[in-house]
Amino acid sequence: MSSSQGIRAAWIGLAGMMATAVAQVVIVALSGSVALLADTIHNLGHAATTIPLIVAFRLGRRAATNRYSYGYRRAEDLVGLFIGLIILVSVVLIFFEAIDALINQREVTNLGWVFAAGIVGFMGNEVVAVYRIRAGRRINSAALIAEGHHARVDGLTSIAVVCGVVGVWLGFPEADAIMGFIIGVLVFGILVVSMRPVMRRLLDGVEDGLIERLTAVVATVPGVESVDRVRARWAGHRMECDITVRVASHLTVAEGHLVAEEVEHAVLHAAPNMDGAVVHLHPAVGDEELKELHELSDHHASREAREDYLARRA
């Protein structure tokens with residue numbers, strides 16, 4: 001259901017952005033505005049990144065296979081890298097056009113139309129931004145929310161075009177090319193900001209405070225003596241986690257399973273975008289005795305894994 005909502009939001013947003021970009025392309029051809037061209041290039045590039053996002057949402061709905069036993073939701077994270085590449089190409093084209101305009105000055109005509117196009121660009125992108133952000137929050141999709149913020153910044157670059165037109169009207173012809181540079185810098189900033197969460201998720205990173213919050217929730221579950229470890233990671237716009245807890249050693253298998261079920265249930269309520277949790281049970285004994293219980297597999301663990309475990313216990 002969440003993927004379907006994401007796909008619908010992506011398509012509607014794409015339609016709005018393409019309509020805005022087409023209107024701007026016509027005015028670029030009439031006016032020769034470099035700032036408007038830079039803004040239009042970025043809008044077209046942003047619209048193009050929506051298609052892979054839709055494909056990723058569709059892939060994420062496919063059932064897991066023996067080869068891809070965790071499913072295909074990681075495709076959404078890989079699309080994030082592709083989006084970054086498109087943004088980088090946009091930055092290069094914008095700077096190239098701005099430099100060329102400063103070396104070979106072009107006369108900007110139809111300033112009134114350029115001014116109007118900047119206003120239209122701002123309004124069109126802001127509508128798309130609001131829609132995508134709301135849809136992203138409904139389904140807890142960080143990628144869709146980021147795309148919404150990206151559209152919002154596109155609208156702000158359109159305002160920069162308006163400022164360039166005002167500069168030309170005031171007798172400063174270089175203002176249009178300079179605003180093209182400024183837009184390029186803004187887009188590069190978008191690239192840096194948008195790639196941070198993408199890289200974090202590809203490295204299995206989560207938001208600050210999440211692990212602490214899940215640990216506190218698990219610790220309150222009846223039957224849990226202590227929490228040894230909580231790990232979580234994103235897979236597209238969904239999450240999964242594994243948890244190790246200590247329970248009373250006298251519990252039967254059925255009773256231990258019930259505690260594990262309560263732990264998973266508590267985690268699913270604490271993080272609505274969580275798909276599921278794998279819960280491992282330890283008997284509530286001392287660390288030395290627990291180490292003896294894991295003697296068979298302990299020699300397979302890396303030194304880093306042991307140090308990580310001991311650090312968490314401390």
# chains A, B, ... in the order shown; residues from 1 in each chain; ligands from 1
$ residues_around --residues "segment 224-233 of chain A" --least-positions-apart "5" --cutoff "8 Å" --atoms "only C-alpha atoms" --output "PDB file with N, CA, C and O atoms, in the first residue's frame"
ATOM      1  N   ARG A 201      22.227   5.346   4.489  1.00  0.00           N
ATOM      2  CA  ARG A 201      21.367   4.162   4.403  1.00  0.00           C
ATOM      3  C   ARG A 201      22.063   3.020   3.677  1.00  0.00           C
ATOM      4  O   ARG A 201      21.873   1.856   4.033  1.00  0.00           O
ATOM      5  N   ASP A 204      23.969   1.102   6.027  1.00  0.00           N
ATOM      6  CA  ASP A 204      23.134   0.593   7.116  1.00  0.00           C
ATOM      7  C   ASP A 204      23.078   1.534   8.313  1.00  0.00           C
ATOM      8  O   ASP A 204      22.925   1.095   9.455  1.00  0.00           O
ATOM      9  N   GLY A 205      23.200   2.825   8.072  1.00  0.00           N
ATOM     10  CA  GLY A 205      23.075   3.801   9.145  1.00  0.00           C
ATOM     11  C   GLY A 205      21.623   4.183   9.380  1.00  0.00           C
ATOM     12  O   GLY A 205      20.787   4.109   8.471  1.00  0.00           O
ATOM     13  N   VAL A 206      21.317   4.572  10.613  1.00  0.00           N
ATOM     14  CA  VAL A 206      19.968   5.018  10.970  1.00  0.00           C
ATOM     15  C   VAL A 206      20.065   6.380  11.643  1.00  0.00           C
ATOM     16  O   VAL A 206      21.150   6.859  11.977  1.00  0.00           O
ATOM     17  N   ILE A 211      18.155   3.857  17.888  1.00  0.00           N
ATOM     18  CA  ILE A 211      18.550   2.650  18.618  1.00  0.00           C
ATOM     19  C   ILE A 211      18.274   2.812  20.109  1.00  0.00           C
ATOM     20  O   ILE A 211      17.777   1.884  20.775  1.00  0.00           O
ATOM     21  N   LEU A 214      14.492   2.433  20.650  1.00  0.00           N
ATOM     22  CA  LEU A 214      14.045   1.041  20.547  1.00  0.00           C
ATOM     23  C   LEU A 214      14.524   0.227  21.740  1.00  0.00           C
ATOM     24  O   LEU A 214      13.790  -0.630  22.252  1.00  0.00           O
ATOM     25  N   THR A 215      15.746   0.483  22.181  1.00  0.00           N
ATOM     26  CA  THR A 215      16.277  -0.235  23.342  1.00  0.00           C
ATOM     27  C   THR A 215      15.422   0.029  24.581  1.00  0.00           C
ATOM     28  O   THR A 215      15.104  -0.889  25.350  1.00  0.00           O
ATOM     29  N   VAL A 218      12.133  -1.921  24.264  1.00  0.00           N
ATOM     30  CA  VAL A 218      12.302  -3.363  24.472  1.00  0.00           C
ATOM     31  C   VAL A 218      12.509  -3.663  25.952  1.00  0.00           C
ATOM     32  O   VAL A 218      12.005  -4.670  26.480  1.00  0.00           O
ATOM     33  N   ALA A 219      13.242  -2.801  26.638  1.00  0.00           N
ATOM     34  CA  ALA A 219      13.538  -3.035  28.058  1.00  0.00           C
ATOM     35  C   ALA A 219      12.276  -3.044  28.921  1.00  0.00           C
ATOM     36  O   ALA A 219      12.288  -3.616  30.011  1.00  0.00           O
ATOM     37  N   MET A 239      12.017  -0.466   7.287  1.00  0.00           N
ATOM     38  CA  MET A 239      13.120  -0.831   8.164  1.00  0.00           C
ATOM     39  C   MET A 239      12.972  -2.270   8.637  1.00  0.00           C
ATOM     40  O   MET A 239      11.890  -2.855   8.587  1.00  0.00           O
ATOM     41  N   GLU A 240      14.081  -2.818   9.111  1.00  0.00           N
ATOM     42  CA  GLU A 240      14.093  -4.129   9.737  1.00  0.00           C
ATOM     43  C   GLU A 240      15.137  -4.092  10.846  1.00  0.00           C
ATOM     44  O   GLU A 240      16.062  -3.279  10.803  1.00  0.00           O
ATOM     45  N   CYS A 241      14.985  -4.944  11.853  1.00  0.00           N
ATOM     46  CA  CYS A 241      15.942  -4.916  12.954  1.00  0.00           C
ATOM     47  C   CYS A 241      16.122  -6.300  13.548  1.00  0.00           C
ATOM     48  O   CYS A 241      15.318  -7.209  13.297  1.00  0.00           O
ATOM     49  N   ASP A 242      17.203  -6.476  14.297  1.00  0.00           N
ATOM     50  CA  ASP A 242      17.397  -7.692  15.070  1.00  0.00           C
ATOM     51  C   ASP A 242      17.757  -7.302  16.494  1.00  0.00           C
ATOM     52  O   ASP A 242      18.447  -6.306  16.727  1.00  0.00           O
ATOM     53  N   ILE A 243      17.243  -8.083  17.439  1.00  0.00           N
ATOM     54  CA  ILE A 243      17.318  -7.736  18.859  1.00  0.00           C
ATOM     55  C   ILE A 243      17.735  -8.965  19.651  1.00  0.00           C
ATOM     56  O   ILE A 243      17.257 -10.075  19.394  1.00  0.00           O
ATOM     57  N   THR A 244      18.636  -8.767  20.590  1.00  0.00           N
ATOM     58  CA  THR A 244      19.043  -9.826  21.508  1.00  0.00           C
ATOM     59  C   THR A 244      18.697  -9.402  22.928  1.00  0.00           C
ATOM     60  O   THR A 244      19.122  -8.335  23.378  1.00  0.00           O
ATOM     61  N   VAL A 245      17.901 -10.230  23.617  1.00  0.00           N
ATOM     62  CA  VAL A 245      17.481  -9.916  24.981  1.00  0.00           C
ATOM     63  C   VAL A 245      17.753 -11.107  25.890  1.00  0.00           C
ATOM     64  O   VAL A 245      17.900 -12.246  25.432  1.00  0.00           O
ATOM     65  N   ARG A 246      17.816 -10.825  27.181  1.00  0.00           N
ATOM     66  CA  ARG A 246      17.971 -11.889  28.175  1.00  0.00           C
ATOM     67  C   ARG A 246      16.634 -12.111  28.885  1.00  0.00           C
ATOM     68  O   ARG A 246      15.965 -11.147  29.276  1.00  0.00           O
ATOM     69  N   VAL A 247      16.297 -13.393  29.032  1.00  0.00           N
ATOM     70  CA  VAL A 247      15.059 -13.776  29.719  1.00  0.00           C
ATOM     71  C   VAL A 247      15.401 -14.802  30.788  1.00  0.00           C
ATOM     72  O   VAL A 247      16.495 -15.390  30.791  1.00  0.00           O
ATOM     73  N   ALA A 248      14.477 -15.035  31.700  1.00  0.00           N
ATOM     74  CA  ALA A 248      14.695 -16.005  32.765  1.00  0.00           C
ATOM     75  C   ALA A 248      15.019 -17.378  32.179  1.00  0.00           C
ATOM     76  O   ALA A 248      14.356 -17.834  31.238  1.00  0.00           O
ATOM     77  N   VAL A 259       7.603 -14.156  24.867  1.00  0.00           N
ATOM     78  CA  VAL A 259       8.349 -12.929  25.184  1.00  0.00           C
ATOM     79  C   VAL A 259       8.906 -12.306  23.905  1.00  0.00           C
ATOM     80  O   VAL A 259       8.820 -11.094  23.694  1.00  0.00           O
ATOM     81  N   ALA A 284      19.154 -15.378  31.275  1.00  0.00           N
ATOM     82  CA  ALA A 284      19.619 -14.309  32.159  1.00  0.00           C
ATOM     83  C   ALA A 284      20.634 -14.868  33.143  1.00  0.00           C
ATOM     84  O   ALA A 284      20.338 -15.171  34.305  1.00  0.00           O
ATOM     85  N   TYR A 309      30.305  -6.167  21.251  1.00  0.00           N
ATOM     86  CA  TYR A 309      29.385  -6.756  22.242  1.00  0.00           C
ATOM     87  C   TYR A 309      29.748  -6.306  23.648  1.00  0.00           C
ATOM     88  O   TYR A 309      28.891  -5.889  24.441  1.00  0.00           O
ATOM     89  N   ARG A 312      28.854  -2.707  24.303  1.00  0.00           N
ATOM     90  CA  ARG A 312      27.415  -2.515  24.520  1.00  0.00           C
ATOM     91  C   ARG A 312      27.009  -2.985  25.906  1.00  0.00           C
ATOM     92  O   ARG A 312      26.150  -2.386  26.560  1.00  0.00           O
ATOM     93  N   ARG A 313      27.630  -4.078  26.376  1.00  0.00           N
ATOM     94  CA  ARG A 313      27.314  -4.571  27.712  1.00  0.00           C
ATOM     95  C   ARG A 313      27.781  -3.584  28.782  1.00  0.00           C
ATOM     96  O   ARG A 313      27.147  -3.416  29.813  1.00  0.00           O
TER      97      ARG A 313
END
$ select_by_dssp --residues "segment 136-259 of chain A" --states "alpha helix (DSSP H)" --output "CSV table (one decimal) with N, CA and C atoms, in the first residue's frame"
chain,number,residue,atom,x,y,z
A,136,GLY,N,5.1,11.6,1.3
A,136,GLY,CA,6.2,11.0,1.9
A,136,GLY,C,6.0,10.8,3.4
A,137,ARG,N,5.5,11.7,4.1
A,137,ARG,CA,5.2,11.6,5.6
A,137,ARG,C,4.2,10.6,5.9
A,138,ARG,N,3.2,10.5,5.0
A,138,ARG,CA,2.1,9.5,5.2
A,138,ARG,C,2.7,8.0,5.1
A,139,ILE,N,3.6,7.8,4.2
A,139,ILE,CA,4.2,6.4,4.1
A,139,ILE,C,5.5,6.3,4.7
A,142,ALA,N,11.6,8.4,3.3
A,142,ALA,CA,12.5,9.5,3.4
A,142,ALA,C,12.9,10.0,1.9
A,143,ALA,N,12.9,9.0,1.0
A,143,ALA,CA,13.3,9.4,-0.4
A,143,ALA,C,12.3,10.3,-1.0
A,144,LEU,N,11.0,10.0,-0.8
A,144,LEU,CA,9.9,10.9,-1.3
A,144,LEU,C,9.9,12.2,-0.6
A,145,ILE,N,10.2,12.3,0.7
A,145,ILE,CA,10.2,13.6,1.4
A,145,ILE,C,11.4,14.4,0.9
A,146,ALA,N,12.6,13.7,0.6
A,146,ALA,CA,13.7,14.4,0.1
A,146,ALA,C,13.4,15.0,-1.3
A,147,GLU,N,12.7,14.2,-2.1
A,147,GLU,CA,12.4,14.7,-3.4
A,147,GLU,C,11.5,15.9,-3.3
A,148,GLY,N,10.6,15.9,-2.3
A,148,GLY,CA,9.7,17.1,-2.1
A,148,GLY,C,10.5,18.3,-1.7
A,149,HIS,N,11.5,18.2,-0.8
A,149,HIS,CA,12.4,19.3,-0.4
A,149,HIS,C,13.2,19.7,-1.6
A,150,HIS,N,13.6,18.8,-2.4
A,150,HIS,CA,14.3,19.1,-3.7
A,150,HIS,C,13.5,20.0,-4.6
A,151,ALA,N,12.2,19.6,-4.7
A,151,ALA,CA,11.3,20.5,-5.5
A,151,ALA,C,11.2,21.9,-4.9
A,152,ARG,N,11.1,21.9,-3.6
A,152,ARG,CA,11.0,23.2,-3.0
A,152,ARG,C,12.2,24.1,-3.2
A,153,VAL,N,13.4,23.5,-3.2
A,153,VAL,CA,14.6,24.3,-3.5
A,153,VAL,C,14.6,24.7,-5.0
A,154,ASP,N,14.0,23.9,-5.9
A,154,ASP,CA,13.9,24.2,-7.3
A,154,ASP,C,13.1,25.5,-7.4
A,155,GLY,N,12.0,25.6,-6.6
A,155,GLY,CA,11.2,26.8,-6.6
A,155,GLY,C,12.0,28.0,-6.1
A,156,LEU,N,12.9,27.9,-5.2
A,156,LEU,CA,13.7,29.0,-4.7
A,156,LEU,C,14.7,29.4,-5.8
A,157,THR,N,15.2,28.5,-6.6
A,157,THR,CA,16.1,28.9,-7.7
A,157,THR,C,15.3,29.7,-8.8
A,158,SER,N,14.0,29.4,-8.9
A,158,SER,CA,13.2,30.2,-9.8
A,158,SER,C,13.1,31.6,-9.3
A,159,ILE,N,13.0,31.8,-8.0
A,159,ILE,CA,13.0,33.1,-7.5
A,159,ILE,C,14.3,33.8,-7.8
A,160,ALA,N,15.5,33.1,-7.8
A,160,ALA,CA,16.7,33.6,-8.2
A,160,ALA,C,16.7,34.2,-9.6
A,161,VAL,N,16.0,33.5,-10.5
A,161,VAL,CA,15.8,33.9,-11.9
A,161,VAL,C,15.1,35.3,-11.9
A,162,VAL,N,14.1,35.4,-11.1
A,162,VAL,CA,13.4,36.7,-11.0
A,162,VAL,C,14.3,37.8,-10.5
A,163,CYS,N,15.2,37.5,-9.6
A,163,CYS,CA,16.2,38.5,-9.1
A,163,CYS,C,17.1,38.9,-10.2
A,164,GLY,N,17.5,37.9,-11.1
A,164,GLY,CA,18.4,38.3,-12.2
A,164,GLY,C,17.7,39.2,-13.2
A,165,VAL,N,16.4,39.0,-13.4
A,165,VAL,CA,15.7,39.8,-14.3
A,165,VAL,C,15.6,41.3,-13.8
A,166,VAL,N,15.4,41.4,-12.5
A,166,VAL,CA,15.3,42.7,-11.9
A,166,VAL,C,16.7,43.4,-12.0
A,167,GLY,N,17.8,42.6,-11.9
A,167,GLY,CA,19.1,43.2,-12.1
A,167,GLY,C,19.3,43.7,-13.5
A,168,VAL,N,18.9,43.0,-14.5
A,168,VAL,CA,19.0,43.4,-15.9
A,168,VAL,C,18.1,44.7,-16.1
A,169,TRP,N,16.9,44.7,-15.5
A,169,TRP,CA,16.1,45.9,-15.7
A,169,TRP,C,16.8,47.1,-15.1
A,175,ALA,N,23.9,40.4,-14.5
A,175,ALA,CA,23.1,39.8,-13.4
A,175,ALA,C,22.6,38.5,-13.7
A,176,ASP,N,22.1,38.3,-15.0
A,176,ASP,CA,21.5,37.0,-15.4
A,176,ASP,C,22.5,35.9,-15.3
A,177,ALA,N,23.7,36.1,-15.8
A,177,ALA,CA,24.8,35.1,-15.8
A,177,ALA,C,25.2,34.8,-14.3
A,178,ILE,N,25.3,35.9,-13.6
A,178,ILE,CA,25.7,35.7,-12.2
A,178,ILE,C,24.7,34.9,-11.4
A,179,MET,N,23.4,35.2,-11.6
A,179,MET,CA,22.4,34.4,-11.0
A,179,MET,C,22.5,32.9,-11.4
A,180,GLY,N,22.9,32.7,-12.7
A,180,GLY,CA,23.1,31.3,-13.1
A,180,GLY,C,24.2,30.6,-12.2
A,181,PHE,N,25.3,31.3,-11.9
A,181,PHE,CA,26.3,30.8,-11.0
A,181,PHE,C,25.7,30.5,-9.7
A,182,ILE,N,24.9,31.4,-9.1
A,182,ILE,CA,24.3,31.2,-7.8
A,182,ILE,C,23.4,30.0,-7.8
A,183,ILE,N,22.6,29.8,-8.9
A,183,ILE,CA,21.8,28.7,-8.9
A,183,ILE,C,22.6,27.4,-8.9
A,184,GLY,N,23.7,27.4,-9.7
A,184,GLY,CA,24.6,26.3,-9.7
A,184,GLY,C,25.1,25.9,-8.3
A,185,VAL,N,25.5,26.9,-7.5
A,185,VAL,CA,26.0,26.7,-6.2
A,185,VAL,C,24.9,26.1,-5.3
A,186,LEU,N,23.6,26.6,-5.5
A,186,LEU,CA,22.5,26.1,-4.7
A,186,LEU,C,22.3,24.6,-5.0
A,187,VAL,N,22.3,24.3,-6.3
A,187,VAL,CA,22.1,22.9,-6.7
A,187,VAL,C,23.2,22.0,-6.2
A,188,PHE,N,24.4,22.5,-6.2
A,188,PHE,CA,25.5,21.7,-5.6
A,188,PHE,C,25.3,21.4,-4.1
A,189,GLY,N,24.8,22.5,-3.5
A,189,GLY,CA,24.4,22.3,-2.0
A,189,GLY,C,23.3,21.2,-1.9
A,190,ILE,N,22.4,21.2,-2.8
A,190,ILE,CA,21.3,20.2,-2.8
A,190,ILE,C,21.9,18.8,-2.9
A,191,LEU,N,22.9,18.7,-3.8
A,191,LEU,CA,23.6,17.4,-4.1
A,191,LEU,C,24.2,16.9,-2.8
A,192,VAL,N,25.0,17.8,-2.1
A,192,VAL,CA,25.6,17.3,-0.9
A,192,VAL,C,24.6,16.9,0.2
A,193,VAL,N,23.6,17.7,0.4
A,193,VAL,CA,22.6,17.4,1.4
A,193,VAL,C,21.8,16.2,1.1
A,194,SER,N,21.4,16.0,-0.1
A,194,SER,CA,20.6,14.8,-0.5
A,194,SER,C,21.4,13.5,-0.5
A,195,MET,N,22.7,13.6,-0.7
A,195,MET,CA,23.5,12.4,-0.8
A,195,MET,C,23.9,11.9,0.6
A,196,ARG,N,23.9,12.7,1.6
A,196,ARG,CA,24.2,12.3,3.0
A,196,ARG,C,23.3,11.1,3.5
A,197,PRO,N,22.0,11.3,3.5
A,197,PRO,CA,21.1,10.2,3.9
A,197,PRO,C,21.2,9.0,3.0
A,198,VAL,N,21.4,9.2,1.7
A,198,VAL,CA,21.5,8.1,0.8
A,198,VAL,C,22.7,7.2,1.2
A,199,MET,N,23.9,7.8,1.4
A,199,MET,CA,25.1,7.1,1.7
A,199,MET,C,24.9,6.5,3.1
A,200,ARG,N,24.3,7.2,4.0
A,200,ARG,CA,24.1,6.6,5.4
A,200,ARG,C,23.3,5.3,5.3
A,201,ARG,N,22.2,5.3,4.5
A,201,ARG,CA,21.4,4.2,4.4
A,201,ARG,C,22.1,3.0,3.7
A,202,LEU,N,22.9,3.3,2.7
A,202,LEU,CA,23.6,2.3,2.0
A,202,LEU,C,24.6,1.6,2.9
A,210,LEU,N,17.5,6.6,17.3
A,210,LEU,CA,16.6,5.5,17.1
A,210,LEU,C,16.9,4.3,17.9
A,211,ILE,N,18.2,3.9,17.9
A,211,ILE,CA,18.6,2.7,18.6
A,211,ILE,C,18.3,2.8,20.1
A,212,GLU,N,18.6,4.0,20.6
A,212,GLU,CA,18.3,4.2,22.1
A,212,GLU,C,16.8,4.2,22.4
A,213,ARG,N,16.0,4.7,21.5
A,213,ARG,CA,14.6,4.7,21.7
A,213,ARG,C,14.0,3.2,21.6
A,214,LEU,N,14.5,2.4,20.6
A,214,LEU,CA,14.0,1.0,20.5
A,214,LEU,C,14.5,0.2,21.7
A,215,THR,N,15.7,0.5,22.2
A,215,THR,CA,16.3,-0.2,23.3
A,215,THR,C,15.4,0.0,24.6
A,216,ALA,N,15.0,1.3,24.8
A,216,ALA,CA,14.2,1.6,25.9
A,216,ALA,C,12.9,1.0,25.9
A,217,VAL,N,12.3,0.9,24.7
A,217,VAL,CA,11.0,0.2,24.5
A,217,VAL,C,11.1,-1.3,24.8
A,218,VAL,N,12.1,-1.9,24.3
A,218,VAL,CA,12.3,-3.4,24.5
A,218,VAL,C,12.5,-3.7,26.0
A,219,ALA,N,13.2,-2.8,26.6
A,219,ALA,CA,13.5,-3.0,28.1
A,219,ALA,C,12.3,-3.0,28.9
A,253,VAL,N,10.3,-23.2,26.0
A,253,VAL,CA,10.4,-22.7,24.7
A,253,VAL,C,9.2,-21.8,24.3
A,254,ALA,N,8.0,-22.3,24.6
A,254,ALA,CA,6.8,-21.6,24.3
A,254,ALA,C,6.7,-20.3,25.0
A,255,GLU,N,7.1,-20.3,26.3
A,255,GLU,CA,7.1,-19.0,27.1
A,255,GLU,C,8.1,-18.0,26.6
A,256,GLY,N,9.3,-18.6,26.2
A,256,GLY,CA,10.3,-17.7,25.6
A,256,GLY,C,9.9,-17.1,24.3
A,257,HIS,N,9.2,-17.9,23.5
A,257,HIS,CA,8.7,-17.4,22.2
A,257,HIS,C,7.6,-16.3,22.4
A,258,LEU,N,6.8,-16.5,23.4
A,258,LEU,CA,5.8,-15.4,23.7
A,258,LEU,C,6.5,-14.1,24.1
A,259,VAL,N,7.6,-14.2,24.9
A,259,VAL,CA,8.3,-12.9,25.2
A,259,VAL,C,8.9,-12.3,23.9
$ select_by_dssp --residues "segment 104-311 of chain A" --states "strand (DSSP E)" --output "short mmCIF file (atom, residue, chain, number, x, y, z; two decimals) with N, CA, C and O atoms, in the first residue's frame"
data_model
loop_
_atom_site.label_atom_id
_atom_site.label_comp_id
_atom_site.auth_asym_id
_atom_site.auth_seq_id
_atom_site.Cartn_x
_atom_site.Cartn_y
_atom_site.Cartn_z
N VAL A 224 11.48 -9.46 29.81
CA VAL A 224 12.82 -9.09 29.37
C VAL A 224 13.64 -8.67 30.58
O VAL A 224 13.31 -7.69 31.26
N GLU A 225 14.69 -9.44 30.88
CA GLU A 225 15.55 -9.11 32.01
C GLU A 225 16.53 -7.99 31.67
O GLU A 225 16.79 -7.10 32.48
N SER A 226 17.08 -8.03 30.48
CA SER A 226 18.00 -6.98 30.02
C SER A 226 18.10 -7.06 28.50
O SER A 226 17.71 -8.06 27.88
N VAL A 227 18.62 -6.00 27.90
CA VAL A 227 18.76 -5.92 26.44
C VAL A 227 20.24 -5.96 26.10
O VAL A 227 21.00 -5.09 26.51
N ASP A 228 20.64 -6.98 25.37
CA ASP A 228 22.05 -7.12 25.00
C ASP A 228 22.39 -6.29 23.76
O ASP A 228 23.44 -5.67 23.69
N ARG A 229 21.50 -6.32 22.75
CA ARG A 229 21.82 -5.61 21.50
C ARG A 229 20.56 -5.31 20.72
O ARG A 229 19.63 -6.11 20.68
N VAL A 230 20.56 -4.13 20.09
CA VAL A 230 19.50 -3.75 19.16
C VAL A 230 20.18 -3.19 17.91
O VAL A 230 21.01 -2.27 18.01
N ARG A 231 19.84 -3.73 16.78
CA ARG A 231 20.36 -3.21 15.51
C ARG A 231 19.19 -2.96 14.56
O ARG A 231 18.20 -3.70 14.60
N ALA A 232 19.32 -1.96 13.73
CA ALA A 232 18.27 -1.66 12.75
C ALA A 232 18.91 -1.11 11.48
O ALA A 232 20.02 -0.56 11.51
N ARG A 233 18.22 -1.27 10.38
CA ARG A 233 18.71 -0.73 9.12
C ARG A 233 17.53 -0.48 8.19
O ARG A 233 16.47 -1.10 8.30
N TRP A 234 17.76 0.46 7.28
CA TRP A 234 16.76 0.79 6.28
C TRP A 234 16.89 -0.15 5.09
O TRP A 234 17.99 -0.58 4.72
N ALA A 235 15.76 -0.44 4.47
CA ALA A 235 15.71 -1.12 3.17
C ALA A 235 14.68 -0.37 2.35
O ALA A 235 13.49 -0.64 2.44
N ARG A 238 11.39 1.24 4.13
CA ARG A 238 11.00 0.39 5.25
C ARG A 238 12.24 0.02 6.06
O ARG A 238 13.36 0.17 5.60
N MET A 239 12.02 -0.47 7.29
CA MET A 239 13.12 -0.83 8.16
C MET A 239 12.97 -2.27 8.64
O MET A 239 11.89 -2.85 8.59
N GLU A 240 14.08 -2.82 9.11
CA GLU A 240 14.09 -4.13 9.74
C GLU A 240 15.14 -4.09 10.85
O GLU A 240 16.06 -3.28 10.80
N CYS A 241 14.98 -4.94 11.85
CA CYS A 241 15.94 -4.92 12.95
C CYS A 241 16.12 -6.30 13.55
O CYS A 241 15.32 -7.21 13.30
N ASP A 242 17.20 -6.48 14.30
CA ASP A 242 17.40 -7.69 15.07
C ASP A 242 17.76 -7.30 16.49
O ASP A 242 18.45 -6.31 16.73
N ILE A 243 17.24 -8.08 17.44
CA ILE A 243 17.32 -7.74 18.86
C ILE A 243 17.73 -8.97 19.65
O ILE A 243 17.26 -10.08 19.39
N THR A 244 18.64 -8.77 20.59
CA THR A 244 19.04 -9.83 21.51
C THR A 244 18.70 -9.40 22.93
O THR A 244 19.12 -8.33 23.38
N VAL A 245 17.90 -10.23 23.62
CA VAL A 245 17.48 -9.92 24.98
C VAL A 245 17.75 -11.11 25.89
O VAL A 245 17.90 -12.25 25.43
N ARG A 246 17.82 -10.83 27.18
CA ARG A 246 17.97 -11.89 28.17
C ARG A 246 16.63 -12.11 28.89
O ARG A 246 15.97 -11.15 29.28
N VAL A 247 16.30 -13.39 29.03
CA VAL A 247 15.06 -13.78 29.72
C VAL A 247 15.40 -14.80 30.79
O VAL A 247 16.49 -15.39 30.79
N MET A 274 8.61 -0.02 10.53
CA MET A 274 9.38 -1.26 10.72
C MET A 274 8.61 -2.44 10.13
O MET A 274 7.44 -2.65 10.44
N ASP A 275 9.29 -3.23 9.30
CA ASP A 275 8.66 -4.40 8.70
C ASP A 275 8.61 -5.58 9.67
O ASP A 275 7.65 -6.35 9.69
N GLY A 276 9.65 -5.75 10.45
CA GLY A 276 9.69 -6.87 11.38
C GLY A 276 10.98 -6.88 12.16
O GLY A 276 11.93 -6.15 11.84
N ALA A 277 11.03 -7.70 13.20
CA ALA A 277 12.21 -7.80 14.04
C ALA A 277 12.53 -9.27 14.28
O ALA A 277 11.63 -10.08 14.54
N VAL A 278 13.80 -9.62 14.18
CA VAL A 278 14.27 -10.95 14.55
C VAL A 278 14.78 -10.86 15.98
O VAL A 278 15.68 -10.08 16.29
N VAL A 279 14.18 -11.65 16.87
CA VAL A 279 14.51 -11.58 18.30
C VAL A 279 15.25 -12.84 18.72
O VAL A 279 14.75 -13.96 18.54
N HIS A 280 16.43 -12.64 19.29
CA HIS A 280 17.25 -13.76 19.79
C HIS A 280 17.24 -13.71 21.32
O HIS A 280 17.41 -12.64 21.91
N LEU A 281 17.03 -14.87 21.94
CA LEU A 281 16.93 -14.93 23.40
C LEU A 281 18.20 -15.49 24.03
O LEU A 281 18.75 -16.50 23.57
N HIS A 282 18.67 -14.81 25.09
CA HIS A 282 19.75 -15.32 25.93
C HIS A 282 19.18 -15.62 27.31
O HIS A 282 18.31 -14.89 27.78
N PRO A 283 19.68 -16.67 27.99
CA PRO A 283 19.26 -16.87 29.38
C PRO A 283 19.87 -15.78 30.26
O PRO A 283 20.99 -15.32 30.01
#
$ residues_around --residues "segment 82-84 of chain A" --least-positions-apart "3" --cutoff "7 Å" --atoms "only C-alpha atoms" --output "MDAnalysis selection string"
chainID A and resid 49 78:79 87:88 191 195
$ write_last_selection --atoms "N, CA, C and O atoms" --output "compact mmCIF listing (two decimals), in the first residue's frame"
# COMPACT_ATOMS: atom_id res chain seq x y z
N THR A 49 14.68 12.15 -12.72
CA THR A 49 15.00 11.24 -11.62
C THR A 49 13.76 10.59 -11.02
O THR A 49 13.88 9.62 -10.27
N LEU A 78 19.68 2.53 -4.18
CA LEU A 78 20.55 2.65 -5.35
C LEU A 78 20.08 3.76 -6.27
O LEU A 78 20.90 4.47 -6.87
N VAL A 79 18.78 3.94 -6.38
CA VAL A 79 18.25 5.03 -7.19
C VAL A 79 18.70 6.37 -6.63
O VAL A 79 18.94 7.33 -7.36
N ILE A 87 21.94 15.09 -10.62
CA ILE A 87 22.12 16.43 -10.05
C ILE A 87 23.51 16.95 -10.37
O ILE A 87 23.70 18.13 -10.71
N LEU A 88 24.53 16.08 -10.28
CA LEU A 88 25.91 16.49 -10.59
C LEU A 88 26.03 16.93 -12.04
O LEU A 88 26.69 17.94 -12.34
N LEU A 191 22.91 18.70 -3.82
CA LEU A 191 23.59 17.43 -4.06
C LEU A 191 24.23 16.90 -2.77
O LEU A 191 24.05 15.73 -2.41
N MET A 195 22.72 13.59 -0.73
CA MET A 195 23.52 12.37 -0.77
C MET A 195 23.88 11.86 0.62
O MET A 195 24.19 10.68 0.79
$ closest_residue --among "A:Val127, A:Leu290, A:Ile51, A:Val267" --to "Gly80 of chain A" --atoms "only C-alpha atoms"
A:Ile51
$ atom_distance --atom1 "atom CA of Glu76 of chain A" --atom2 "atom CA of Ala56 of chain A"
4.9 Å
